[in-house]
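Enquirer: So that you have it, the file is structure15.cif, and it contains mmCIF, C-alpha atoms:
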```
data_input
loop_
_atom_site.label_atom_id
_atom_site.label_comp_id
_atom_site.auth_asym_id
_atom_site.auth_seq_id
_atom_site.Cartn_x
_atom_site.Cartn_y
_atom_site.Cartn_z
CA MET A 226 18.18 -36.72 41.71
CA ALA A 227 17.55 -37.87 38.15
CA SER A 228 18.84 -34.71 36.60
CA ALA A 229 22.22 -34.97 38.28
CA GLU A 230 22.59 -38.42 36.78
CA ASN A 231 21.81 -37.07 33.34
CA LEU A 232 24.38 -34.35 33.61
CA ASP A 233 27.04 -36.99 33.51
CA GLY A 234 25.38 -38.63 30.54
CA HIS A 235 24.59 -41.87 32.40
CA HIS A 236 21.13 -43.31 32.25
CA GLY A 237 19.68 -45.80 34.65
CA ALA A 238 18.46 -49.12 33.31
CA GLY A 239 14.95 -48.89 31.83
CA SER A 240 15.00 -45.10 31.83
CA PHE A 241 14.27 -43.15 28.64
CA PRO A 242 17.17 -43.03 26.15
CA ALA A 243 17.29 -39.30 26.60
CA ASP A 244 15.66 -37.61 29.54
CA PRO A 245 13.31 -35.03 27.92
CA MET A 246 13.90 -32.64 30.82
CA HIS A 247 17.66 -32.80 30.50
CA GLN A 248 17.64 -30.05 27.85
CA PHE A 249 16.35 -27.60 30.46
CA GLU A 250 19.31 -28.09 32.82
CA ILE A 251 21.25 -24.97 33.65
CA ALA A 252 24.94 -25.62 33.08
CA ARG A 253 27.39 -23.25 34.74
CA TYR A 254 30.19 -22.35 32.35
CA VAL A 255 31.97 -19.68 34.39
CA ASP A 256 31.44 -19.42 38.11
CA ILE A 257 31.04 -15.80 39.09
CA ASN A 258 30.40 -14.84 42.68
CA ILE A 259 30.11 -11.17 43.57
CA GLY A 260 29.42 -10.20 47.19
CA GLY A 261 28.01 -13.62 47.98
CA PHE A 262 25.64 -13.49 44.98
CA ASP A 263 25.84 -16.28 42.43
CA LEU A 264 26.04 -14.50 39.06
CA SER A 265 27.57 -17.41 37.13
CA PHE A 266 27.72 -17.38 33.35
CA THR A 267 25.50 -20.31 32.33
CA ASN A 268 24.14 -21.79 29.11
CA SER A 269 21.11 -19.59 29.68
CA SER A 270 23.34 -16.51 29.89
CA LEU A 271 25.19 -17.62 26.76
CA PHE A 272 22.01 -17.76 24.69
CA MET A 273 20.81 -14.42 26.02
CA VAL A 274 24.14 -12.89 25.00
CA ILE A 275 23.91 -14.58 21.59
CA ALA A 276 20.37 -13.23 21.12
CA VAL A 277 21.41 -9.69 22.10
CA THR A 278 24.43 -9.87 19.80
CA LEU A 279 22.42 -11.17 16.85
CA ILE A 280 19.62 -8.64 17.25
CA SER A 281 22.08 -5.77 17.59
CA PHE A 282 24.09 -7.00 14.61
CA PHE A 283 21.03 -7.45 12.39
CA SER A 284 19.41 -4.17 13.28
CA ILE A 285 22.60 -2.13 12.89
CA PHE A 286 24.70 -3.92 10.27
CA PHE A 287 21.94 -4.56 7.73
CA VAL A 288 20.69 -0.97 7.93
CA ARG A 289 24.19 0.58 7.84
CA LYS A 290 23.74 1.85 4.26
CA GLN A 291 20.29 3.28 5.04
CA ALA A 292 19.43 2.54 1.43
CA LEU A 293 16.32 4.11 -0.04
CA ILE A 294 15.76 0.87 -1.94
CA PRO A 295 16.52 -1.68 0.77
CA SER A 296 18.48 -4.88 0.38
CA ARG A 297 16.73 -8.09 1.39
CA MET A 298 18.18 -8.05 4.86
CA GLN A 299 17.47 -4.35 5.40
CA SER A 300 13.95 -5.04 4.22
CA LEU A 301 13.67 -7.79 6.81
CA VAL A 302 14.76 -5.45 9.61
CA GLU A 303 12.36 -2.76 8.40
CA LEU A 304 9.61 -5.36 8.21
CA SER A 305 10.05 -6.29 11.88
CA TYR A 306 10.15 -2.60 12.77
CA GLU A 307 6.90 -1.95 10.91
CA PHE A 308 5.35 -5.08 12.35
CA VAL A 309 5.90 -4.02 15.96
CA SER A 310 5.20 -0.39 15.12
CA ASN A 311 1.81 -1.30 13.67
CA MET A 312 1.08 -3.49 16.67
CA VAL A 313 1.78 -0.59 19.04
CA ARG A 314 -0.17 1.90 16.93
CA GLN A 315 -3.23 -0.32 16.65
CA ASN A 316 -3.32 -1.45 20.27
CA VAL A 317 -2.01 1.57 22.15
CA GLY A 318 -2.43 4.44 19.71
CA GLN A 319 -0.34 7.56 19.28
CA GLU A 320 0.66 7.72 22.95
CA GLY A 321 2.29 4.32 22.63
CA LYS A 322 5.07 5.73 20.46
CA LYS A 323 7.10 6.58 23.57
CA TYR A 324 7.12 2.93 24.63
CA PHE A 325 7.85 1.51 21.19
CA PRO A 326 11.59 0.89 21.80
CA PHE A 327 10.76 -1.07 24.94
CA ILE A 328 8.10 -3.16 23.22
CA PHE A 329 10.34 -3.73 20.22
CA THR A 330 13.11 -4.89 22.56
CA ILE A 331 10.76 -7.30 24.31
CA PHE A 332 9.45 -8.70 21.03
CA MET A 333 12.85 -9.22 19.41
CA PHE A 334 14.36 -10.65 22.60
CA VAL A 335 11.59 -13.21 23.12
CA LEU A 336 11.42 -14.03 19.41
CA PHE A 337 15.15 -14.66 19.13
CA LEU A 338 15.29 -16.69 22.35
CA ASN A 339 12.39 -18.82 21.12
CA MET A 340 13.90 -19.27 17.66
CA LEU A 341 17.41 -19.99 18.95
CA GLY A 342 15.84 -22.68 21.11
CA MET A 343 14.66 -24.42 17.94
CA MET A 344 18.25 -25.13 16.90
CA PRO A 345 19.49 -28.59 17.80
CA TYR A 346 21.73 -28.72 20.90
CA SER A 347 20.76 -25.19 21.84
CA PHE A 348 19.16 -23.99 25.05
CA THR A 349 15.74 -22.35 25.26
CA VAL A 350 15.97 -19.47 27.71
CA THR A 351 12.22 -18.84 27.59
CA SER A 352 11.47 -22.37 28.78
CA HIS A 353 12.39 -21.23 32.30
CA ILE A 354 9.64 -19.79 34.46
CA ALA A 355 12.18 -17.63 36.29
CA VAL A 356 13.01 -15.76 33.07
CA THR A 357 9.48 -15.45 31.73
CA PHE A 358 8.07 -14.43 35.10
CA ALA A 359 10.78 -11.81 35.54
CA LEU A 360 9.95 -10.43 32.08
CA ALA A 361 6.23 -10.46 32.77
CA PHE A 362 6.69 -8.89 36.18
CA LEU A 363 8.87 -6.17 34.69
CA ILE A 364 6.12 -5.40 32.20
CA PHE A 365 3.50 -5.50 34.98
CA LEU A 366 5.52 -3.03 37.07
CA LEU A 367 6.16 -0.71 34.14
CA VAL A 368 2.51 -0.72 33.10
CA THR A 369 1.35 -0.03 36.67
CA VAL A 370 3.86 2.81 37.09
CA VAL A 371 2.73 4.29 33.75
CA GLY A 372 -0.87 4.12 34.93
CA PHE A 373 -0.17 5.94 38.18
CA VAL A 374 2.06 8.54 36.53
CA LYS A 375 -0.59 9.27 33.91
CA HIS A 376 -3.73 9.24 36.07
CA GLY A 377 -2.37 9.65 39.62
CA LEU A 378 -4.57 8.01 42.21
CA GLY A 379 -7.36 8.10 39.62
CA PHE A 380 -5.76 4.98 38.18
CA LEU A 381 -7.40 3.09 41.04
CA GLY A 382 -10.66 3.83 39.24
CA TYR A 383 -9.52 1.20 36.77
CA PHE A 384 -10.73 -1.41 39.26
CA ALA A 385 -14.21 0.13 39.43
CA PRO A 386 -15.65 0.21 35.91
CA LYS A 387 -18.09 3.04 35.18
CA GLY A 388 -21.80 2.46 34.64
CA VAL A 389 -22.05 -0.50 36.99
CA PRO A 390 -24.84 -0.79 39.61
CA VAL A 391 -23.53 0.08 43.07
CA PHE A 392 -24.48 -3.25 44.62
CA MET A 393 -22.40 -5.07 41.97
CA LEU A 394 -19.37 -2.88 42.60
CA PRO A 395 -17.70 -4.82 45.47
CA LEU A 396 -17.84 -8.06 43.47
CA LEU A 397 -16.54 -6.41 40.32
CA VAL A 398 -13.71 -4.64 42.12
CA ILE A 399 -12.56 -7.96 43.54
CA ILE A 400 -12.70 -9.58 40.09
CA GLU A 401 -10.84 -6.67 38.50
CA VAL A 402 -8.14 -6.69 41.17
CA ILE A 403 -7.62 -10.44 40.86
CA SER A 404 -7.50 -10.34 37.08
CA TYR A 405 -5.08 -7.42 37.22
CA PHE A 406 -2.68 -9.11 39.61
CA THR A 407 -2.76 -12.47 37.82
CA ARG A 408 -1.57 -10.79 34.63
CA PRO A 409 2.14 -11.43 35.21
CA ILE A 410 1.36 -15.05 36.08
CA SER A 411 -0.76 -15.76 33.00
CA LEU A 412 1.65 -13.87 30.75
CA SER A 413 4.73 -15.73 32.00
CA VAL A 414 3.18 -19.19 32.36
CA ARG A 415 1.75 -19.05 28.83
CA LEU A 416 5.18 -18.50 27.30
CA PHE A 417 7.06 -20.83 29.62
CA ALA A 418 4.55 -23.69 29.32
CA ASN A 419 4.37 -23.44 25.54
CA MET A 420 8.11 -23.51 25.12
CA MET A 421 8.71 -26.24 27.67
CA ALA A 422 5.90 -28.49 26.42
CA GLY A 423 6.97 -28.16 22.80
CA HIS A 424 10.59 -28.93 23.48
CA THR A 425 9.74 -31.82 25.79
CA MET A 426 7.49 -33.32 23.16
CA LEU A 427 10.15 -33.02 20.48
CA LYS A 428 12.63 -34.71 22.78
CA VAL A 429 10.20 -37.55 23.59
CA PHE A 430 9.59 -38.20 19.91
CA SER A 431 13.28 -38.09 19.12
CA GLY A 432 13.73 -40.67 21.91
CA PHE A 433 11.16 -42.86 20.15
CA VAL A 434 13.09 -42.58 16.91
CA ILE A 435 16.18 -43.99 18.64
CA SER A 436 14.43 -46.67 20.68
CA MET A 437 12.28 -47.94 17.80
CA GLY A 438 15.34 -48.14 15.60
CA ILE A 439 15.59 -48.28 11.84
CA ALA A 440 12.57 -50.57 11.56
CA GLY A 441 9.89 -48.51 13.32
CA GLY A 442 11.55 -45.17 13.94
CA TRP A 443 10.29 -43.57 10.73
CA LEU A 444 6.84 -42.77 12.07
CA PRO A 445 8.01 -40.76 15.09
CA LEU A 446 10.62 -39.15 12.86
CA GLY A 447 7.89 -37.97 10.49
CA VAL A 448 5.82 -36.73 13.41
CA MET A 449 8.90 -34.93 14.72
CA VAL A 450 9.48 -33.15 11.42
CA ALA A 451 5.88 -31.97 11.42
CA PHE A 452 6.09 -30.90 15.07
CA THR A 453 9.32 -29.01 14.40
CA GLY A 454 7.46 -26.93 11.84
CA LEU A 455 4.65 -26.38 14.32
CA GLU A 456 7.13 -25.46 17.05
CA ILE A 457 8.75 -22.82 14.85
CA LEU A 458 5.29 -21.37 14.30
CA ILE A 459 4.63 -21.47 18.05
CA ALA A 460 8.01 -19.84 18.74
CA PHE A 461 6.91 -16.89 16.64
CA LEU A 462 3.32 -16.92 17.82
CA GLN A 463 4.25 -16.87 21.51
CA ALA A 464 6.61 -13.94 20.97
CA TYR A 465 3.75 -12.19 19.17
CA VAL A 466 1.20 -13.00 21.88
CA PHE A 467 3.59 -11.90 24.62
CA THR A 468 4.15 -8.58 22.85
CA ILE A 469 0.54 -7.89 21.95
CA LEU A 470 -0.56 -8.56 25.54
CA THR A 471 2.10 -6.11 26.67
CA CYS A 472 0.56 -3.59 24.28
CA ILE A 473 -2.93 -4.27 25.59
CA TYR A 474 -1.83 -3.88 29.22
CA LEU A 475 -0.07 -0.65 28.33
CA ASN A 476 -3.19 0.58 26.57
CA ASP A 477 -5.27 -0.19 29.67
CA SER A 478 -2.89 1.89 31.78
CA LEU A 479 -2.84 4.80 29.37
CA HIS A 480 -6.54 4.92 28.51
CA MET A 481 -8.10 3.04 31.45
CA HIS A 482 -10.99 0.93 30.19
CA MET B 126 12.19 -30.27 36.87
CA PRO B 127 15.23 -28.02 36.31
CA GLN B 128 12.96 -24.99 36.13
CA LEU B 129 12.27 -25.24 39.84
CA ASP B 130 15.90 -25.36 40.91
CA PHE B 131 15.98 -22.10 42.85
CA THR B 132 19.79 -21.92 42.91
CA THR B 133 19.76 -21.16 39.18
CA PHE B 134 17.31 -18.25 39.53
CA LEU B 135 19.74 -15.56 40.55
CA PRO B 136 22.27 -16.05 37.71
CA GLN B 137 19.40 -16.29 35.19
CA LEU B 138 17.75 -13.10 36.43
CA PHE B 139 21.05 -11.22 36.61
CA TRP B 140 21.96 -12.08 33.02
CA LEU B 141 18.38 -11.46 31.88
CA PHE B 142 18.41 -7.88 33.18
CA LEU B 143 21.93 -7.29 31.95
CA SER B 144 21.25 -8.50 28.41
CA LEU B 145 17.81 -6.87 28.25
CA SER B 146 19.23 -3.52 29.39
CA VAL B 147 22.08 -3.71 26.88
CA LEU B 148 19.65 -4.64 24.11
CA TYR B 149 17.28 -1.82 25.08
CA VAL B 150 20.06 0.76 25.05
CA VAL B 151 21.52 -0.48 21.75
CA LEU B 152 18.12 -0.59 20.04
CA SER B 153 16.68 2.66 21.37
CA ARG B 154 19.88 4.71 21.04
CA ILE B 155 21.43 3.35 17.84
CA ALA B 156 19.36 0.92 15.79
CA LEU B 157 15.77 2.15 15.95
CA PRO B 158 16.46 5.84 15.15
CA ARG B 159 18.40 4.76 12.08
CA ILE B 160 15.65 2.40 10.91
CA SER B 161 12.96 5.00 11.47
CA ASP B 162 15.09 7.57 9.59
CA VAL B 163 15.28 5.28 6.58
CA ILE B 164 11.56 4.59 6.62
CA GLU B 165 10.70 8.28 7.05
CA GLU B 166 13.04 9.26 4.25
CA ARG B 167 11.52 6.69 1.93
CA LYS B 168 8.02 7.83 2.82
CA ASP B 169 9.00 11.45 2.11
CA THR B 170 10.58 10.53 -1.20
CA ILE B 171 7.51 8.60 -2.28
CA THR B 172 5.20 11.44 -1.24
CA ASP B 173 7.36 13.97 -3.11
CA ASP B 174 7.43 11.79 -6.22
CA LEU B 175 3.68 11.34 -6.09
CA ASP B 176 3.15 15.08 -5.70
CA GLU B 177 5.42 15.77 -8.64
CA ALA B 178 3.63 13.19 -10.76
CA LYS B 179 0.30 14.75 -9.82
CA SER B 180 1.43 18.26 -10.77
CA LEU B 181 2.88 16.98 -14.04
CA SER B 182 -0.33 15.19 -14.87
CA LEU B 183 -2.28 18.38 -14.08
CA GLU B 184 0.04 20.29 -16.39
CA ALA B 185 -0.47 17.73 -19.15
CA GLU B 186 -4.22 18.01 -18.67
CA GLY B 187 -3.94 21.79 -19.03
CA VAL B 188 -1.98 21.41 -22.25
CA VAL B 189 -4.56 19.01 -23.62
CA GLU B 190 -7.33 21.47 -22.67
CA ASP B 191 -5.47 24.31 -24.43
CA LEU B 192 -5.09 22.17 -27.49
CA ARG B 193 -8.80 21.36 -27.46
CA ILE B 194 -9.70 25.04 -27.22
CA LYS B 195 -7.33 25.88 -30.05
CA ILE B 196 -8.81 23.18 -32.26
CA GLU B 197 -12.29 24.51 -31.47
CA GLU B 198 -11.20 28.03 -32.35
CA ALA B 199 -9.60 26.89 -35.57
CA LYS B 200 -12.77 25.06 -36.52
CA LEU B 201 -14.87 28.16 -35.92
CA GLN B 202 -12.39 30.30 -37.83
CA SER B 203 -12.37 27.98 -40.81
CA GLN B 204 -16.14 27.86 -40.79
CA LYS B 205 -16.26 31.64 -40.77
CA ASN B 206 -13.72 31.83 -43.57
CA LEU B 207 -15.69 29.33 -45.56
CA MET B 208 -18.87 31.36 -45.12
CA THR B 209 -17.31 34.64 -46.21
CA GLU B 210 -15.61 33.04 -49.21
CA ARG B 211 -18.83 31.44 -50.20
CA GLN B 212 -20.68 34.73 -49.83
CA LYS B 213 -18.02 36.44 -51.91
CA SER B 214 -18.15 33.90 -54.68
CA LEU B 215 -21.97 33.96 -54.64
CA GLU B 216 -21.89 37.71 -55.04
CA LYS B 217 -19.36 37.43 -57.82
CA ILE B 218 -21.47 34.80 -59.54
CA SER B 219 -24.60 36.92 -59.33
CA LEU B 220 -22.70 39.98 -60.60
CA LYS B 221 -21.30 38.08 -63.55
CA ARG B 222 -24.68 36.62 -64.22
CA LYS B 223 -26.30 39.99 -64.14
CA GLU B 224 -23.65 41.38 -66.44
CA PHE B 225 -24.18 38.52 -68.81
CA GLU B 226 -27.91 38.87 -68.63
CA ASP B 227 -27.70 42.60 -69.33
CA LYS B 228 -25.39 42.01 -72.21
CA ALA B 229 -27.60 39.28 -73.59
CA LEU B 230 -30.65 41.47 -73.21
CA LYS B 231 -28.92 44.29 -75.04
CA ASP B 232 -27.87 41.95 -77.79
CA ILE B 233 -31.37 40.59 -78.04
CA THR B 234 -32.86 44.05 -78.22
CA SER B 235 -30.38 45.22 -80.81
CA SER B 236 -30.93 42.02 -82.81
CA GLU B 237 -34.67 42.47 -82.56
CA ASN B 238 -34.27 46.04 -83.76
CA THR B 239 -32.15 44.90 -86.65
CA ILE B 240 -34.73 42.24 -87.45
CA THR B 241 -37.59 44.72 -87.35
CA GLU B 242 -35.62 47.15 -89.44
CA SER B 243 -34.74 44.45 -91.90
CA LYS B 244 -38.36 43.36 -91.93
CA HIS B 245 -39.56 46.88 -92.55
CA SER B 246 -37.01 47.48 -95.26
CA ALA B 247 -37.78 44.09 -96.74
CA LEU B 248 -41.48 44.84 -96.68
CA LYS B 249 -40.83 48.17 -98.24
CA ASP B 250 -38.67 46.55 -100.87
CA ILE B 251 -41.27 43.88 -101.47
CA SER B 252 -44.00 46.41 -101.94
CA LEU B 253 -41.75 48.42 -104.28
CA VAL B 254 -40.81 45.34 -106.28
CA ALA B 255 -44.41 44.20 -106.23
CA GLU B 256 -45.52 47.56 -107.49
CA ASP B 257 -42.94 47.41 -110.24
CA ILE B 258 -43.88 43.88 -111.20
CA ALA B 259 -47.55 44.66 -111.00
CA GLU B 260 -47.08 47.76 -113.16
CA GLU B 261 -45.11 45.77 -115.65
CA MET B 262 -47.68 42.99 -115.74
CA LEU B 263 -50.59 45.30 -115.99
CA ASN B 264 -48.87 47.31 -118.65
CA ASN B 265 -48.32 44.17 -120.59
CA LEU B 266 -51.92 42.98 -120.02
CA PHE B 267 -53.77 46.19 -120.46
CA ILE B 268 -53.57 48.86 -122.98
CA LYS B 269 -54.26 51.52 -120.55
CA LYS B 270 -51.25 52.60 -118.71
CA VAL B 271 -51.60 51.99 -115.01
CA GLU B 272 -50.49 54.76 -112.81
CA LYS B 273 -47.98 53.87 -110.23
CA LYS B 274 -49.61 55.92 -107.51
CA ASP B 275 -52.88 54.00 -107.93
CA LEU B 276 -50.97 50.77 -107.37
CA SER B 277 -49.24 51.96 -104.26
CA LYS B 278 -52.66 53.01 -102.98
CA PHE B 279 -53.80 49.52 -103.73
CA SER B 280 -50.86 47.75 -102.15
CA LYS B 281 -51.26 49.90 -99.07
CA ASN B 282 -54.78 48.67 -98.82
CA LEU B 283 -53.50 45.13 -99.11
CA ASN B 284 -51.11 45.58 -96.38
#
```
Re-express the file's structure as C-alpha cells.
Expert:
Amino acid sequence: MASAENLDGHHGAGSFPADPMHQFEIARYVDINIGGFDLSFTNSSLFMVIAVTLISFFSIFFVRKQALIPSRMQSLVELSYEFVSNMVRQNVGQEGKKYFPFIFTIFMFVLFLNMLGMMPYSFTVTSHIAVTFALAFLIFLLVTVVGFVKHGLGFLGYFAPKGVPVFMLPLLVIIEVISYFTRPISLSVRLFANMMAGHTMLKVFSGFVISMGIAGGWLPLGVMVAFTGLEILIAFLQAYVFTILTCIYLNDSLHMH
Amino acid sequence: MPQLDFTTFLPQLFWLFLSLSVLYVVLSRIALPRISDVIEERKDTITDDLDEAKSLSLEAEGVVEDLRIKIEEAKLQSQKNLMTERQKSLEKISLKRKEFEDKALKDITSSENTITESKHSALKDISLVAEDIAEEMLNNLFIKKVEKKDLSKFSKNLN
C-alpha cells in the first residue's frame, strides 16, 4: 500500500517527491478503544477540537465587553453573525430563526475547518467524505424531521407538486424522490471534492517546485501562490454554499414548494 | 485514497459529533445570545437617538415657525403704526395750514380794509386840498370870489 510507505516518509524510486494524497492520511495520536469501538484521537480529531476551541474563543472572548461601539474583533464576530442571520432570514424567513444557532454552528464549523486546512502542515477535516457525508446526512435527517413535524404526513405532498397533469405525476414523483434523496450525496461530495482537489493540486504544484529546482521551480511556485489565493476563496465559498443549501433545504421543509 | 479507509470512519464520526455538539451548545447557550444582545442594544440605541433627533428637529421647526409668525405680526404692527402716525401728521399739517390760511385771510382782509380806508381818507384829503388849491388859484386869477361850496360841487362831479 503506497500510503503506508509514505507514513514512514520513504518514497519509492521514481515516485513523486511528495505523495499528494499523503496529506489526507489519518494519523492516530491517542488510541482510544471503548467497548470494542475505535474512538482514537487522530489528526482529524485534533483539528476539529482546534476549530471548536477557536470559534468558541472568538465568539465569547471578543464579545465579552458587549461594547456598543465594537472593537475590530467584536465587529468581525458580529459581522459573521449578521451574515448567517441574513442568509437564514432571506432563504428561510421568520420561521428560520429557531434553527439559526444550528445553521450558524454548521457555517462556522465548516468555514474554520476549511480555513485551518489552508495552513501549511495542517490537516483538512472536510477533505474526508466520511465527515462531509455525516454532516450532510445530519442536515438531511433534521430537515426531513422538521418537515414531518410541521406538516405531518402532508409533507409527503412535497413529492407531488401541485398543478401538474395527472398523467405526469408518476414521473414527477419519481424525479422528486430521487432528487430529494440525493441531496446528502450532492451536498457532501461537493464540499469533499472541492477541498480534496484543491489540496491535491497545491501539493502537486509544490512537488513541481522541488523537482524542477531553483532553475525552473519559479513558474509552479507562482502558480501555487495564485492557487493558494483561489483556495482560500474556495474554502470560504464552499462553507457558504454548504450553509445556503442547508437553508434552502430547511425552507423546503418548512414551506413545501 | 485515505478517504476510503473504512477503519478511520468511526473515530472521525465520533469526534465530529462530539465537537459539533460541544460547539452547538457553546454557541447557542453562551455566545449567540450575547452577540444578539449587543446587536439588539445597538439597534435600540440608534433608534432612540434617531427618534430624539427627529423630535428635536420638529421642535426647532416649530420655533422657526413661531419666529416667522412674530416677524409677520411685527411687520403688520409697524405698518399700522406708520399709517396712524402718517394720518395724524397729515391732520396736524392740514390743521396748521388751515389756521395759517385763516390768519392770512384775516390779515389780508384787515390790510385791504386799511388800504381802502387810507384810500378813502386820501381821496378825501386830496379833494379837500384840491378844493383849497383851486380856491386859492381861482381867487388869485379871478376877481370874483369863488365859493367853496360851488367847487366841492364841481369836484364831486369830477369824481
Enquirer: Could you list, as a PDB file with C-alpha atoms, keeping the file's coordinate frame, the residues of chain B having an atom within 6 Å of chain A when counting all atoms listed in the file?
Expert:
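Contents of the output file result07.pdb:
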```pdb
ATOM      1  CA  PRO B 127      15.230 -28.020  36.310  1.00  0.00           C
ATOM      2  CA  GLN B 128      12.960 -24.990  36.130  1.00  0.00           C
ATOM      3  CA  PRO B 136      22.270 -16.050  37.710  1.00  0.00           C
ATOM      4  CA  TRP B 140      21.960 -12.080  33.020  1.00  0.00           C
ATOM      5  CA  LEU B 148      19.650  -4.640  24.110  1.00  0.00           C
ATOM      6  CA  TYR B 149      17.280  -1.820  25.080  1.00  0.00           C
ATOM      7  CA  SER B 153      16.680   2.660  21.370  1.00  0.00           C
ATOM      8  CA  ALA B 156      19.360   0.920  15.790  1.00  0.00           C
ATOM      9  CA  VAL B 163      15.280   5.280   6.580  1.00  0.00           C
ATOM     10  CA  ARG B 167      11.520   6.690   1.930  1.00  0.00           C
TER      11      ARG B 167
END
```
Enquirer: Expand the PyMOL selection byres ((chain A and resi 381) around 12) into the explicit residue set it covers here, and present it as a ChimeraX atom specification.
Expert: /A:369-370,372-380,382-386,398,401-402,405,478,481-482
Enquirer: Print the selection's residues with C-alpha atoms to a file, as a short mmCIF file (atom, residue, chain, number, x, y, z; two decimals), in the coordinates of the input.
Expert:
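Contents of selection_22.cif, as written:
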```
data_model
loop_
_atom_site.label_atom_id
_atom_site.label_comp_id
_atom_site.auth_asym_id
_atom_site.auth_seq_id
_atom_site.Cartn_x
_atom_site.Cartn_y
_atom_site.Cartn_z
CA THR A 369 1.35 -0.03 36.67
CA VAL A 370 3.86 2.81 37.09
CA GLY A 372 -0.87 4.12 34.93
CA PHE A 373 -0.17 5.94 38.18
CA VAL A 374 2.06 8.54 36.53
CA LYS A 375 -0.59 9.27 33.91
CA HIS A 376 -3.73 9.24 36.07
CA GLY A 377 -2.37 9.65 39.62
CA LEU A 378 -4.57 8.01 42.21
CA GLY A 379 -7.36 8.10 39.62
CA PHE A 380 -5.76 4.98 38.18
CA GLY A 382 -10.66 3.83 39.24
CA TYR A 383 -9.52 1.20 36.77
CA PHE A 384 -10.73 -1.41 39.26
CA ALA A 385 -14.21 0.13 39.43
CA PRO A 386 -15.65 0.21 35.91
CA VAL A 398 -13.71 -4.64 42.12
CA GLU A 401 -10.84 -6.67 38.50
CA VAL A 402 -8.14 -6.69 41.17
CA TYR A 405 -5.08 -7.42 37.22
CA SER A 478 -2.89 1.89 31.78
CA MET A 481 -8.10 3.04 31.45
CA HIS A 482 -10.99 0.93 30.19
#
```
Enquirer: Please measure the separation of atom CA of B:Glu261 and atom CA of B:Lys273, giving the value in Å to one decimal.
Expert: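 Atom CA of B:Lys273 lies at a distance of 10.2 Å from atom CA of B:Glu261.
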Enquirer: Applied to the shown file, which residues does the PyMOL selection byres ((chain A and resi 427) around 9) return, written as a PyMOL selection string?
Expert: chain A and resi 245+422-426+428-432+449+452-453+456
Enquirer: Would you compute the distance between atom CA of B:Arg159 and atom CA of B:Asp174? Give it in Å to one decimal.
Expert: 22.5 Å
Enquirer: Which residues come within 10 Å of A:Ile410, counting all atoms listed in the file, excluding same-chain residues fewer than 2 positions away, as a list in words?
Expert: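 Those residues are Ile354, Thr357, Phe358, Ala359, Ala361, Phe362, Phe365, Phe406, Thr407, Arg408, Leu412, Ser413, Val414 and Arg415 of chain A.
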Enquirer: For A:Glu320, which residue out of A:Val371, A:Ala440, A:Met343, A:Lys387 is the nearest one, using all atoms listed in the file?
Expert: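 Closest candidate: A:Val371.
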Enquirer: For a test of reading the model, state the distance in Å between atom CA of A:Gln319 and atom CA of A:Phe332, rounded to one decimal.
Expert: 19.1 Å
Enquirer: Run through the PyMOL selection byres ((chain A and resi 470) around 12) on the given coordinates and return the selected residues as a PyMOL selection string.
Expert: chain A and resi 312-313+316-317+328+331-332+361+364-365+368+408-409+411-413+415-416+463-469+471-477
